[in-house]
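One file, target.txt, is given below (compact mmCIF, C-alpha atoms).
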```txt
# COMPACT_ATOMS: atom_id res chain seq x y z
CA ARG A 1 39.25 34.52 -25.42
CA GLU A 2 40.57 34.01 -21.88
CA GLN A 3 42.56 31.02 -23.06
CA ASN A 4 44.21 32.96 -25.90
CA ILE A 5 45.15 35.86 -23.60
CA ILE A 6 46.83 33.50 -21.16
CA LEU A 7 48.60 31.53 -23.89
CA ASP A 8 49.91 34.76 -25.50
CA LYS A 9 51.87 35.49 -22.34
CA GLY A 10 53.90 32.37 -23.00
CA ILE A 11 56.00 30.55 -20.46
CA THR A 12 57.52 32.60 -17.72
CA ASN A 13 59.89 31.76 -14.89
CA ASP A 14 58.56 34.54 -12.70
CA ILE A 15 57.24 33.36 -9.40
CA LYS A 16 53.53 33.82 -9.31
CA GLY A 17 51.50 34.50 -6.20
CA PHE A 18 47.94 33.23 -5.93
CA PRO A 19 45.34 35.10 -3.92
CA VAL A 20 43.56 33.25 -1.15
CA ILE A 21 40.33 31.82 -2.55
CA ALA A 22 37.24 31.71 -0.35
CA PHE A 23 35.37 28.42 -0.65
CA GLY A 24 32.26 29.61 1.12
CA ASP A 25 30.18 29.16 -2.04
CA TYR A 26 31.34 25.59 -2.55
CA GLU A 27 29.96 22.49 -0.92
CA HIS A 28 33.47 21.21 -0.22
CA GLY A 29 36.53 23.46 -0.10
CA TYR A 30 40.05 22.15 -0.29
CA GLY A 31 43.38 23.97 -0.37
CA PHE A 32 45.12 24.11 -3.75
CA SER A 33 48.84 23.88 -4.38
CA SER A 34 50.30 24.89 -7.76
CA SER A 35 52.88 22.15 -7.30
CA LYS A 36 50.15 19.65 -8.12
CA ILE A 37 50.41 20.76 -11.74
CA ASP A 38 53.95 19.34 -11.92
CA GLU A 39 52.48 15.85 -11.63
CA TYR A 40 51.40 16.19 -15.25
CA GLU A 41 54.86 17.11 -16.58
CA ASN A 42 55.15 13.87 -18.54
CA GLU A 43 51.93 14.70 -20.38
CA PHE A 44 53.36 17.94 -21.86
CA LYS A 45 54.49 15.96 -24.90
CA PHE A 46 50.88 15.89 -26.04
CA ILE A 47 50.61 19.71 -25.94
CA ASN A 48 51.87 21.73 -28.88
CA GLN A 49 52.21 24.92 -26.87
CA THR A 50 52.73 24.82 -23.15
CA PRO A 51 50.53 27.41 -21.44
CA SER A 52 51.71 29.61 -18.64
CA GLU A 53 51.28 28.55 -15.06
CA GLU A 54 48.24 30.78 -14.81
CA TYR A 55 46.24 28.92 -17.43
CA PRO A 56 45.79 25.51 -15.77
CA VAL A 57 45.04 27.20 -12.46
CA ALA A 58 42.37 29.39 -14.05
CA ILE A 59 40.88 26.43 -15.86
CA VAL A 60 40.88 24.27 -12.74
CA PHE A 61 38.89 26.78 -10.72
CA ARG A 62 36.57 27.75 -13.54
CA ARG A 63 35.80 24.09 -14.19
CA GLN A 64 35.39 23.45 -10.46
CA THR A 65 32.74 26.16 -10.29
CA GLU A 66 30.92 24.72 -13.27
CA ILE A 67 31.08 21.17 -11.91
CA LEU A 68 29.85 22.13 -8.47
CA ASN A 69 26.99 24.11 -9.99
CA GLN A 70 26.04 21.12 -12.10
CA ILE A 71 26.17 18.84 -9.07
CA ARG A 72 23.83 21.19 -7.23
CA ASN A 73 21.46 21.21 -10.19
CA LEU A 74 21.53 17.44 -10.47
CA LYS A 75 20.89 16.97 -6.77
CA SER A 76 18.02 19.43 -6.91
CA PHE A 77 16.58 17.68 -9.96
CA GLU A 78 16.97 14.25 -8.37
CA THR A 79 15.26 15.34 -5.16
CA ASP A 80 12.40 16.95 -7.05
CA PHE A 81 12.12 13.96 -9.38
CA PHE A 82 11.94 11.38 -6.60
CA ASN A 83 9.41 13.54 -4.76
CA LYS A 84 7.21 13.38 -7.86
CA VAL A 85 7.19 9.60 -8.26
CA LYS A 86 5.88 7.18 -5.64
CA ILE A 87 5.41 3.43 -6.06
CA ILE A 88 3.35 1.57 -3.47
CA HIS A 89 3.61 -2.23 -3.42
CA GLY A 90 2.48 -5.07 -1.20
CA LYS A 91 1.18 -8.61 -1.14
CA ALA A 92 -2.40 -9.46 -2.10
CA GLY A 93 -5.04 -8.05 0.21
CA MET A 94 -2.83 -5.40 1.81
CA GLY A 95 -5.07 -2.55 0.67
CA LYS A 96 -3.26 -1.12 -2.36
CA SER A 97 -6.45 -0.12 -4.17
CA ASN A 98 -7.87 1.29 -0.94
CA ILE A 99 -4.74 3.42 -0.63
CA SER A 100 -5.30 4.67 -4.19
CA ALA A 101 -8.89 5.58 -3.33
CA TYR A 102 -7.80 7.26 -0.09
CA LEU A 103 -5.10 9.28 -1.84
CA THR A 104 -7.56 10.33 -4.53
CA ASN A 105 -9.93 11.76 -1.92
CA PHE A 106 -7.07 13.27 0.06
CA PHE A 107 -5.63 15.16 -2.90
CA LYS A 108 -9.09 16.28 -4.02
CA ASN A 109 -9.71 17.71 -0.57
CA GLU A 110 -6.42 19.58 -0.93
CA GLU A 111 -7.74 20.91 -4.27
CA HIS A 112 -5.22 19.02 -6.37
CA PRO A 113 -6.66 17.75 -9.68
CA VAL A 114 -6.53 13.93 -9.75
CA ILE A 115 -6.51 11.51 -12.69
CA ILE A 116 -6.85 7.87 -11.60
CA ILE A 117 -6.63 5.03 -14.12
CA LYS A 118 -7.09 1.33 -13.40
CA ALA A 119 -4.02 -0.39 -14.82
CA LYS A 120 -6.19 -3.21 -16.20
CA SER A 121 -7.35 -0.58 -18.72
CA PHE A 122 -3.95 -1.00 -20.39
CA ASN A 123 -4.86 -4.55 -21.50
CA GLY A 124 -3.84 -3.85 -25.08
CA ASN A 125 -0.83 -4.24 -27.32
CA PRO A 126 2.27 -3.76 -25.10
CA ASP A 127 3.89 -1.76 -27.91
CA GLU A 128 1.08 0.82 -27.98
CA PHE A 129 1.33 2.39 -24.52
CA ASN A 130 1.00 5.97 -25.77
CA ARG A 131 -2.17 5.21 -27.71
CA ILE A 132 -3.78 3.35 -24.81
CA PHE A 133 -2.84 6.08 -22.35
CA MET A 134 -4.38 8.74 -24.60
CA GLU A 135 -7.56 6.67 -24.91
CA GLN A 136 -7.89 6.55 -21.12
CA LEU A 137 -7.67 10.36 -21.07
CA LEU A 138 -10.25 10.58 -23.87
CA VAL A 139 -7.79 12.56 -25.97
CA PRO A 140 -8.10 12.54 -29.79
CA ASN A 141 -5.35 10.59 -31.52
CA ASN A 142 -4.02 13.66 -33.34
CA TYR A 143 -2.20 14.76 -30.16
CA SER A 144 1.12 13.45 -28.93
CA ILE A 145 1.66 12.26 -25.37
CA GLU A 146 4.16 15.09 -24.86
CA GLU A 147 1.56 17.67 -25.88
CA VAL A 148 -1.03 16.25 -23.50
CA LEU A 149 1.36 16.09 -20.53
CA GLU A 150 2.49 19.63 -21.28
CA ARG A 151 -1.12 20.86 -21.16
CA ILE A 152 -1.70 19.01 -17.89
CA ASP A 153 1.50 20.52 -16.52
CA ASN A 154 0.53 24.02 -17.67
CA TYR A 155 -2.85 23.64 -15.99
CA GLY A 156 -1.16 22.69 -12.73
CA LYS A 157 1.19 25.64 -13.10
CA LYS A 158 -1.72 28.00 -13.73
CA ILE A 159 -3.56 27.01 -10.54
CA ASN A 160 -0.29 26.43 -8.65
CA LYS A 161 -1.26 22.85 -7.77
CA ARG A 162 0.29 19.57 -8.76
CA VAL A 163 -1.89 17.36 -10.95
CA VAL A 164 -1.86 13.86 -9.46
CA LEU A 165 -1.77 10.93 -11.88
CA ILE A 166 -2.50 7.51 -10.33
CA PHE A 167 -2.15 4.11 -12.03
CA ASP A 168 -3.78 1.54 -9.74
CA GLY A 169 -2.69 -2.11 -9.86
CA LEU A 170 0.05 -2.57 -12.48
CA ASN A 171 -0.07 -6.33 -11.84
CA GLU A 172 -3.63 -6.44 -13.19
CA THR A 173 -2.54 -5.57 -16.73
CA THR A 174 -2.83 -8.58 -19.03
CA TYR A 175 -2.58 -9.08 -22.78
CA GLY A 176 -4.66 -11.69 -24.55
CA ASN A 177 -3.82 -15.19 -23.38
CA GLU A 178 -0.22 -14.26 -22.56
CA GLY A 179 -1.03 -13.43 -18.96
CA PHE A 180 0.78 -10.47 -17.39
CA SER A 181 1.44 -7.84 -20.03
CA LYS A 182 4.92 -6.66 -20.96
CA ILE A 183 3.63 -3.13 -21.41
CA TRP A 184 5.23 -1.91 -18.17
CA GLN A 185 8.51 -3.68 -18.76
CA LYS A 186 8.70 -1.98 -22.14
CA ASN A 187 7.32 1.45 -21.33
CA PHE A 188 7.34 2.28 -17.61
CA ASP A 189 10.86 3.70 -17.29
CA GLN A 190 10.48 5.69 -20.49
CA PHE A 191 7.19 7.14 -19.25
CA ILE A 192 8.73 8.14 -15.90
CA GLU A 193 11.64 9.76 -17.72
CA LEU A 194 9.15 11.77 -19.75
CA LEU A 195 7.24 12.82 -16.62
CA ALA A 196 10.45 14.17 -15.10
CA THR A 197 10.29 17.16 -17.44
CA PHE A 198 6.89 18.25 -16.10
CA LYS A 199 7.22 19.73 -12.64
CA PHE A 200 3.51 20.00 -11.89
CA VAL A 201 2.66 16.34 -12.55
CA TYR A 202 2.81 14.02 -9.53
CA PHE A 203 2.76 10.27 -10.26
CA ILE A 204 1.67 7.42 -7.98
CA THR A 205 1.23 3.76 -8.84
CA THR A 206 0.50 0.52 -7.01
CA LEU A 207 1.43 -3.08 -7.75
CA ARG A 208 1.75 -6.45 -6.10
CA THR A 209 5.24 -7.10 -4.74
CA SER A 210 5.68 -10.41 -6.55
CA TYR A 211 5.40 -8.63 -9.91
CA ILE A 212 8.33 -6.27 -9.38
CA SER A 213 10.66 -8.74 -11.13
CA ARG A 214 8.34 -8.82 -14.15
CA ILE A 215 8.97 -5.11 -14.71
CA TRP A 216 12.56 -4.76 -13.47
CA SER A 217 14.66 -7.89 -14.01
CA ASN A 218 16.84 -7.21 -10.95
CA ASN A 219 13.70 -7.24 -8.74
CA GLN A 220 14.51 -3.72 -7.54
CA ILE A 221 12.27 -0.67 -7.96
CA PRO A 222 14.51 2.19 -9.14
CA TYR A 223 12.19 4.89 -7.79
CA SER A 224 10.94 6.12 -4.45
CA ASN A 225 8.73 3.35 -3.05
CA PHE A 226 7.40 1.73 0.08
CA GLU A 227 5.75 -1.56 0.94
CA LEU A 228 2.37 -2.08 2.59
CA LYS A 229 2.72 -4.81 5.20
CA GLY A 230 -0.74 -4.89 6.72
CA PHE A 231 -1.82 -3.88 10.18
CA ASP A 232 0.75 -3.60 12.93
CA GLU A 233 0.54 -6.66 15.18
CA ASN A 234 0.91 -4.48 18.27
CA ASN A 235 -2.19 -2.52 17.28
CA LEU A 236 -4.18 -5.31 15.64
CA LYS A 237 -6.61 -5.80 18.53
CA ASN A 238 -7.58 -2.13 18.44
CA VAL A 239 -8.13 -2.34 14.67
CA VAL A 240 -10.41 -5.39 15.03
CA VAL A 241 -12.44 -3.66 17.76
CA LYS A 242 -12.96 -0.63 15.50
CA TYR A 243 -14.13 -2.86 12.63
CA PHE A 244 -16.52 -4.75 14.91
CA ASP A 245 -17.90 -1.52 16.33
CA HIS A 246 -18.52 -0.16 12.84
CA TYR A 247 -20.31 -3.34 11.70
CA LYS A 248 -22.14 -3.70 15.05
CA ILE A 249 -20.57 -7.11 15.64
CA GLY A 250 -20.63 -8.12 19.28
CA PHE A 251 -17.83 -10.00 21.05
CA ASP A 252 -17.04 -11.20 24.55
CA ASP A 253 -13.28 -11.27 24.38
CA ILE A 254 -10.65 -11.07 21.65
CA ASN A 255 -7.76 -13.49 21.87
CA GLU A 256 -4.84 -12.08 19.92
CA LYS A 257 -3.81 -15.60 18.87
CA GLU A 258 -7.13 -16.03 17.04
CA ILE A 259 -7.05 -12.82 15.04
CA PHE A 260 -3.63 -12.97 13.38
CA TYR A 261 -5.42 -13.57 10.05
CA PHE A 262 -6.75 -10.05 10.27
CA LYS A 263 -3.29 -8.57 9.87
CA THR A 264 -4.23 -8.68 6.18
CA PRO A 265 -6.75 -5.80 5.79
CA LEU A 266 -8.79 -7.60 3.13
CA LEU A 267 -9.58 -10.51 5.46
CA ILE A 268 -10.99 -8.44 8.33
CA ASP A 269 -13.05 -6.49 5.79
CA LEU A 270 -14.38 -9.70 4.22
CA TYR A 271 -15.14 -11.26 7.60
CA CYS A 272 -17.21 -8.29 8.76
CA GLN A 273 -19.05 -7.82 5.47
CA MET A 274 -20.04 -11.49 5.28
CA LEU A 275 -20.89 -11.85 8.97
CA ASN A 276 -23.10 -8.77 9.16
CA PRO A 277 -23.63 -7.26 5.69
CA LYS A 278 -26.70 -5.25 6.76
CA ILE A 279 -24.97 -3.95 9.93
CA GLU A 280 -27.76 -5.18 12.19
CA ALA A 281 -27.63 -5.51 15.96
CA GLY A 282 -27.46 -8.93 17.61
CA ILE A 283 -24.66 -10.46 15.51
CA TYR A 284 -21.69 -11.90 17.42
CA ALA A 285 -18.20 -12.79 16.24
CA VAL A 286 -17.17 -16.43 16.12
CA PHE A 287 -13.43 -17.01 16.13
CA GLY A 288 -11.35 -20.08 15.45
CA LEU A 289 -11.37 -22.34 12.40
CA ASN A 290 -15.12 -22.98 12.48
CA GLY A 291 -15.91 -19.28 12.64
CA PHE A 292 -13.68 -18.38 9.70
CA LYS A 293 -14.89 -21.40 7.71
CA ASP A 294 -18.51 -20.37 8.18
CA VAL A 295 -17.87 -16.82 6.97
CA PHE A 296 -15.79 -18.02 4.01
CA GLU A 297 -18.52 -20.43 2.89
CA ARG A 298 -21.03 -17.60 3.02
CA TYR A 299 -18.80 -15.62 0.71
CA ILE A 300 -18.39 -18.53 -1.73
CA ASN A 301 -22.17 -18.99 -1.93
CA LYS A 302 -22.76 -15.28 -2.49
CA LEU A 303 -20.06 -15.07 -5.16
CA SER A 304 -21.28 -18.23 -6.91
CA GLU A 305 -24.82 -16.86 -7.09
CA SER A 306 -23.53 -13.55 -8.48
CA VAL A 307 -21.43 -15.27 -11.19
CA LYS A 308 -24.35 -17.56 -12.11
CA LEU A 309 -26.62 -14.59 -12.75
CA LYS A 310 -23.98 -12.60 -14.61
CA LEU A 311 -23.07 -15.46 -16.96
CA THR A 312 -26.68 -16.79 -17.11
CA LEU A 313 -25.63 -20.26 -15.97
CA GLY A 314 -28.18 -22.94 -15.13
CA THR A 315 -26.95 -23.64 -11.59
CA ILE A 316 -24.26 -22.63 -9.13
CA ASP A 317 -23.12 -26.27 -9.15
CA GLN A 318 -21.15 -25.51 -12.33
CA ILE A 319 -19.13 -22.99 -10.32
CA LYS A 320 -18.68 -25.09 -7.19
CA ASP A 321 -17.59 -28.09 -9.27
CA GLY A 322 -14.93 -25.83 -10.77
CA PHE A 323 -13.73 -24.97 -7.27
CA ASP A 324 -13.41 -28.68 -6.50
CA ARG A 325 -11.40 -29.40 -9.65
CA CYS A 326 -9.00 -26.50 -9.02
CA SER A 327 -8.59 -27.45 -5.36
CA ALA A 328 -7.75 -31.05 -6.28
CA ALA A 329 -5.13 -29.87 -8.80
CA MET A 330 -3.53 -27.57 -6.22
CA LEU A 331 -3.43 -30.30 -3.56
CA ASN A 332 -1.40 -32.41 -5.97
CA ASN A 333 1.16 -29.63 -6.43
CA LEU A 334 3.74 -29.00 -3.70
CA GLU A 335 3.75 -25.30 -4.64
CA ALA A 336 -0.05 -25.17 -4.17
CA ASN A 337 -0.55 -23.44 -7.50
CA ILE A 338 -1.56 -24.25 -11.06
CA PRO A 339 -0.76 -22.55 -14.40
CA LEU A 340 -3.09 -19.71 -15.30
CA MET A 341 -4.66 -21.26 -18.40
CA GLU A 342 -5.11 -24.60 -16.63
CA PHE A 343 -7.12 -22.75 -14.00
CA TYR A 344 -9.47 -21.31 -16.63
CA SER A 345 -9.92 -24.74 -18.21
CA LEU A 346 -10.61 -26.48 -14.88
CA MET A 347 -13.15 -23.86 -13.86
CA GLN A 348 -14.88 -24.12 -17.22
CA ASN A 349 -14.50 -27.93 -17.41
CA GLN A 350 -13.26 -27.63 -20.97
CA ASN A 351 -10.17 -26.41 -22.77
CA VAL A 352 -10.17 -22.60 -22.69
CA VAL A 353 -8.42 -20.55 -25.37
CA LYS A 354 -10.15 -17.20 -24.89
CA ILE A 355 -10.73 -16.17 -21.28
CA GLY A 356 -13.37 -13.51 -21.91
CA GLY A 357 -16.75 -14.45 -20.41
CA THR A 358 -15.45 -17.50 -18.57
CA ILE A 359 -16.25 -18.54 -15.01
CA GLY A 360 -12.57 -18.27 -14.13
CA GLU A 361 -12.39 -14.67 -15.30
CA GLU A 362 -15.32 -13.68 -13.08
CA ILE A 363 -13.93 -15.53 -10.05
CA LEU A 364 -10.50 -13.92 -10.43
CA SER A 365 -11.99 -10.45 -10.66
CA GLU A 366 -13.01 -10.79 -7.00
CA TYR A 367 -9.42 -11.46 -5.83
CA LEU A 368 -10.56 -13.35 -2.74
CA ILE A 369 -10.71 -17.09 -3.45
CA TYR A 370 -7.95 -17.44 -6.01
CA LEU A 371 -5.13 -15.02 -6.77
CA ASP A 372 -3.20 -14.64 -10.00
CA GLU A 373 0.47 -14.52 -9.04
CA ASN A 374 3.94 -14.37 -10.51
CA GLU A 375 5.99 -17.45 -9.68
CA ASN A 376 9.49 -17.52 -11.16
CA GLY A 377 8.38 -15.50 -14.16
CA ARG A 378 5.25 -17.61 -14.79
CA ASP A 379 1.61 -16.68 -14.35
CA VAL A 380 0.02 -19.05 -11.83
CA ILE A 381 -3.08 -19.27 -9.67
```
Give the structure from the file, written as structure tokens.
Amino acid sequence: REQNIILDKGITNDIKGFPVIAFGDYEHGYGFSSSKIDEYENEFKFINQTPSEEYPVAIVFRRQTEILNQIRNLKSFETDFFNKVKIIHGKAGMGKSNISAYLTNFFKNEEHPVIIIKAKSFNGNPDEFNRIFMEQLLVPNNYSIEEVLERIDNYGKKINKRVVLIFDGLNETTYGNEGFSKIWQKNFDQFIELLATFKFVYFITTLRTSYISRIWSNNQIPYSNFELKGFDENNLKNVVVKYFDHYKIGFDDINEKEIFYFKTPLLIDLYCQMLNPKIEAGIYAVFGLNGFKDVFERYINKLSESVKLKLTLGTIDQIKDGFDRCSAAMLNNLEANIPLMEFYSLMQNQNVVKIGGTIGEEILSEYLIYLDENENGRDVI
């Protein structure tokens, strides 16, 4: 209607005056000169009817208002969206699962409902993410994922609290004998896009840094994220003292050069648990190579005994022989790793096709002796 009214006036040679426009409502205000319109004189050949001078000016400012409003909306949406999605990554042993557990308790204490799912629970067909996700929520299969998220969102809205959804350990998701599953590469971005429409759902996930490239080919996380890097070296001595005090481990002096291993949280935790599992008085720390070797051997013996009982093996020698075979294979490789399926076969001392119920599967579930890693797009140990 406005366009037709302006066009009906036709072309006029009268000099027009333009009122001063206040730009207070705009993020960026710039002066406007009607002479700028003359720059488009050569384009008039594409216009059947040349509008009056008022028309382009009116359109310019109306469009500017619309554009600036849209920019504001987009910025608001982007800020809100990135505040709803957090990805925590780090190397092995940096405490990613502990962070998930901590955040779960933290949000519960703040009276936020929390849903935490171990990512290894998605060890199914990579093309069936929605179905697997619904199974983890114990939702009947006659509901869609959109319906379920909407109900979760409505619940959060009703109690005025964000519902926190946590996927712990994306790198632990495997599929059959293929190793790391493609389920996240195929579905993660689409899932996050879906979550963006639900304002009361807050999403957190953890993964090992080396697996970022297996989900995003450019090795860049396109969402708000931060990396766990272990304990701060400048505060490491204080951390070790607190651990020793908790486990009642005595010590005469702590040389910072001998505790650099403990920058990795998992290692200080393992050391204390193996050295004094019953938290009894009279146990003293032993540093240096011999001290760490002694504690590590204790752990190997304890783990071997546990795996023997779980798999009903005749002797722990079957497990320790597997360690020897894997170690020999790694020593012969400059990269100090071996292919995933070769690891299972060496641990089992026979060709392994299905990994379920194998010694290797049980050993890997502990994460402490051998680690499954991504090396140039391949699954290695």
Within 9 Å of stretch 343-349 of chain A, which residues of stretch 241-335 of chain A come that close, and what is the closest atom pair and distance in Å for each? Count all atoms listed in the file and give it as a Markdown table.
```
| residue | atom | partner | partner_atom | distance |
| --- | --- | --- | --- | --- |
| A:Gln318 | CA | A:Gln348 | CA | 8.1 |
| A:Ile319 | CA | A:Met347 | CA | 7.0 |
| A:Lys320 | CA | A:Met347 | CA | 8.8 |
| A:Asp321 | CA | A:Met347 | CA | 7.7 |
| A:Gly322 | CA | A:Met347 | CA | 4.1 |
| A:Phe323 | CA | A:Met347 | CA | 6.7 |
| A:Asp324 | CA | A:Met347 | CA | 8.8 |
| A:Arg325 | CA | A:Leu346 | CA | 6.0 |
| A:Cys326 | CA | A:Leu346 | CA | 6.1 |
| A:Ala329 | CA | A:Leu346 | CA | 8.9 |
```
| Residue nearest A:Gly250 among A:Glu305, A:Val114, A:Cys272, A:Pro126 (counting only C-alpha atoms) | A:Cys272
| field | Separation of atom CA of A:Gly95 from atom CA of A:Lys293 in Å | value |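 Atom CA of A:Lys293 sits 22.4 Å away from atom CA of A:Gly95.
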| query | If you measure from atom CA of A:Glu373 to atom CA of A:Arg208, what distance in Å do you get, rounded to one decimal? | reply |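 Computing it gives 8.7 Å between the two atoms.
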Using all atoms listed in the file, what table do you get, as JSON lines, when you list each residue of stretch 71-132 of chain A with an atom no more than 12 Å from stretch 355-368 of chain A, its nearest pair of atoms, and their distance in Å rounded to one decimal, rows by chain then rising number?
```
{"residue": "A:Lys91", "atom": "CA", "partner": "A:Tyr367", "partner_atom": "CA", "distance": 11.9}
{"residue": "A:Ala92", "atom": "CA", "partner": "A:Tyr367", "partner_atom": "CA", "distance": 8.2}
{"residue": "A:Gly93", "atom": "CA", "partner": "A:Leu368", "partner_atom": "CA", "distance": 8.2}
{"residue": "A:Met94", "atom": "CA", "partner": "A:Tyr367", "partner_atom": "CA", "distance": 11.8}
{"residue": "A:Gly95", "atom": "CA", "partner": "A:Tyr367", "partner_atom": "CA", "distance": 11.9}
{"residue": "A:Ser97", "atom": "CA", "partner": "A:Tyr367", "partner_atom": "CA", "distance": 11.8}
{"residue": "A:Lys120", "atom": "CA", "partner": "A:Ser365", "partner_atom": "CA", "distance": 10.8}
```
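Counting only C-alpha atoms and comparing A:Leu371, A:Ser224, A:Tyr211, A:Val380, the residue that lies closest to A:Glu342 is A:Val380.
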| query | In terms of the shortest atom-to-atom distance over all atoms listed in the file, which of A:Ala336, A:Ile381, A:Phe231, A:Glu110 is closest to A:Leu266? | reply |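 Of all the options, A:Phe231 lies closest to A:Leu266.
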| Residue nearest A:Glu111 - candidates A:Glu135, A:Glu147, A:Val164, A:Thr197, atoms counted: all atoms listed in the file | A:Val164
Could you name the residues that touch stretch 149-156 of chain A at 7 Å or less, counting only C-alpha atoms, but leaving out those on the same chain fewer than 4 positions away, as a tab-separated table (two decimals) with C-alpha atoms, keeping the file's coordinate frame?
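Result file selection_6.tsv:
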```tsv
chain	number	residue	atom	x	y	z
A	145	ILE	CA	1.66	12.26	-25.37
A	160	ASN	CA	-0.29	26.43	-8.65
A	161	LYS	CA	-1.26	22.85	-7.77
A	162	ARG	CA	0.29	19.57	-8.76
A	163	VAL	CA	-1.89	17.36	-10.95
A	198	PHE	CA	6.89	18.25	-16.10
A	199	LYS	CA	7.22	19.73	-12.64
A	200	PHE	CA	3.51	20.00	-11.89
A	201	VAL	CA	2.66	16.34	-12.55
```
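Atom CA of A:Arg378 to atom CA of A:Asn171 spans 12.8 Å [interatomic distance, one decimal].
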| task | Identify which of the residues A:Ile279, A:Lys84, A:Ala328, A:Glu256 lies closest to A:Ile192, counting only C-alpha atoms when measuring atom-to-atom distances. | result | A:Lys84
| Among listed residues A:Arg131, A:Lys229, A:Lys108, A:Lys118, nearest A:Ile88 (using only C-alpha atoms) |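 Counting only C-alpha atoms, the residue closest to A:Ile88 is A:Lys229.
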Complete stretch 354-367 of chain A at the level of N, CA, C and O atoms, written as a PDB file, keeping the file's coordinate frame.
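Wrote it out as out_29.pdb, contents follow:
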```
ATOM      1  N   LYS A 354      -9.849 -18.603 -25.143  1.00  0.00           N
ATOM      2  CA  LYS A 354     -10.150 -17.200 -24.890  1.00  0.00           C
ATOM      3  C   LYS A 354     -10.823 -17.084 -23.528  1.00  0.00           C
ATOM      4  O   LYS A 354     -11.825 -17.741 -23.261  1.00  0.00           O
ATOM      5  N   ILE A 355     -10.269 -16.216 -22.679  1.00  0.00           N
ATOM      6  CA  ILE A 355     -10.730 -16.170 -21.280  1.00  0.00           C
ATOM      7  C   ILE A 355     -11.937 -15.264 -21.079  1.00  0.00           C
ATOM      8  O   ILE A 355     -12.592 -15.333 -20.042  1.00  0.00           O
ATOM      9  N   GLY A 356     -12.244 -14.422 -22.044  1.00  0.00           N
ATOM     10  CA  GLY A 356     -13.370 -13.510 -21.910  1.00  0.00           C
ATOM     11  C   GLY A 356     -14.685 -14.245 -21.699  1.00  0.00           C
ATOM     12  O   GLY A 356     -15.021 -15.170 -22.443  1.00  0.00           O
ATOM     13  N   GLY A 357     -15.446 -13.849 -20.666  1.00  0.00           N
ATOM     14  CA  GLY A 357     -16.750 -14.450 -20.410  1.00  0.00           C
ATOM     15  C   GLY A 357     -16.717 -15.802 -19.738  1.00  0.00           C
ATOM     16  O   GLY A 357     -17.745 -16.478 -19.629  1.00  0.00           O
ATOM     17  N   THR A 358     -15.551 -16.204 -19.233  1.00  0.00           N
ATOM     18  CA  THR A 358     -15.450 -17.500 -18.570  1.00  0.00           C
ATOM     19  C   THR A 358     -15.724 -17.371 -17.076  1.00  0.00           C
ATOM     20  O   THR A 358     -15.648 -16.288 -16.502  1.00  0.00           O
ATOM     21  N   ILE A 359     -16.027 -18.524 -16.462  1.00  0.00           N
ATOM     22  CA  ILE A 359     -16.250 -18.540 -15.010  1.00  0.00           C
ATOM     23  C   ILE A 359     -14.979 -18.107 -14.287  1.00  0.00           C
ATOM     24  O   ILE A 359     -15.016 -17.328 -13.337  1.00  0.00           O
ATOM     25  N   GLY A 360     -13.845 -18.608 -14.761  1.00  0.00           N
ATOM     26  CA  GLY A 360     -12.570 -18.270 -14.130  1.00  0.00           C
ATOM     27  C   GLY A 360     -12.292 -16.786 -14.128  1.00  0.00           C
ATOM     28  O   GLY A 360     -11.780 -16.237 -13.150  1.00  0.00           O
ATOM     29  N   GLU A 361     -12.627 -16.114 -15.229  1.00  0.00           N
ATOM     30  CA  GLU A 361     -12.390 -14.670 -15.300  1.00  0.00           C
ATOM     31  C   GLU A 361     -13.203 -13.938 -14.243  1.00  0.00           C
ATOM     32  O   GLU A 361     -12.699 -13.026 -13.573  1.00  0.00           O
ATOM     33  N   GLU A 362     -14.460 -14.338 -14.063  1.00  0.00           N
ATOM     34  CA  GLU A 362     -15.320 -13.680 -13.080  1.00  0.00           C
ATOM     35  C   GLU A 362     -14.833 -13.963 -11.653  1.00  0.00           C
ATOM     36  O   GLU A 362     -14.839 -13.071 -10.804  1.00  0.00           O
ATOM     37  N   ILE A 363     -14.408 -15.180 -11.399  1.00  0.00           N
ATOM     38  CA  ILE A 363     -13.930 -15.530 -10.050  1.00  0.00           C
ATOM     39  C   ILE A 363     -12.669 -14.738  -9.716  1.00  0.00           C
ATOM     40  O   ILE A 363     -12.534 -14.195  -8.616  1.00  0.00           O
ATOM     41  N   LEU A 364     -11.751 -14.634 -10.684  1.00  0.00           N
ATOM     42  CA  LEU A 364     -10.500 -13.920 -10.430  1.00  0.00           C
ATOM     43  C   LEU A 364     -10.718 -12.430 -10.211  1.00  0.00           C
ATOM     44  O   LEU A 364      -9.937 -11.783  -9.502  1.00  0.00           O
ATOM     45  N   SER A 365     -11.757 -11.877 -10.801  1.00  0.00           N
ATOM     46  CA  SER A 365     -11.990 -10.450 -10.660  1.00  0.00           C
ATOM     47  C   SER A 365     -12.326 -10.065  -9.227  1.00  0.00           C
ATOM     48  O   SER A 365     -12.249  -8.898  -8.843  1.00  0.00           O
ATOM     49  N   GLU A 366     -12.678 -11.062  -8.399  1.00  0.00           N
ATOM     50  CA  GLU A 366     -13.010 -10.790  -7.000  1.00  0.00           C
ATOM     51  C   GLU A 366     -11.790 -10.846  -6.089  1.00  0.00           C
ATOM     52  O   GLU A 366     -11.839 -10.396  -4.959  1.00  0.00           O
ATOM     53  N   TYR A 367     -10.710 -11.447  -6.540  1.00  0.00           N
ATOM     54  CA  TYR A 367      -9.420 -11.460  -5.830  1.00  0.00           C
ATOM     55  C   TYR A 367      -9.410 -12.222  -4.495  1.00  0.00           C
ATOM     56  O   TYR A 367      -8.419 -12.196  -3.798  1.00  0.00           O
TER      57      TYR A 367
END
```
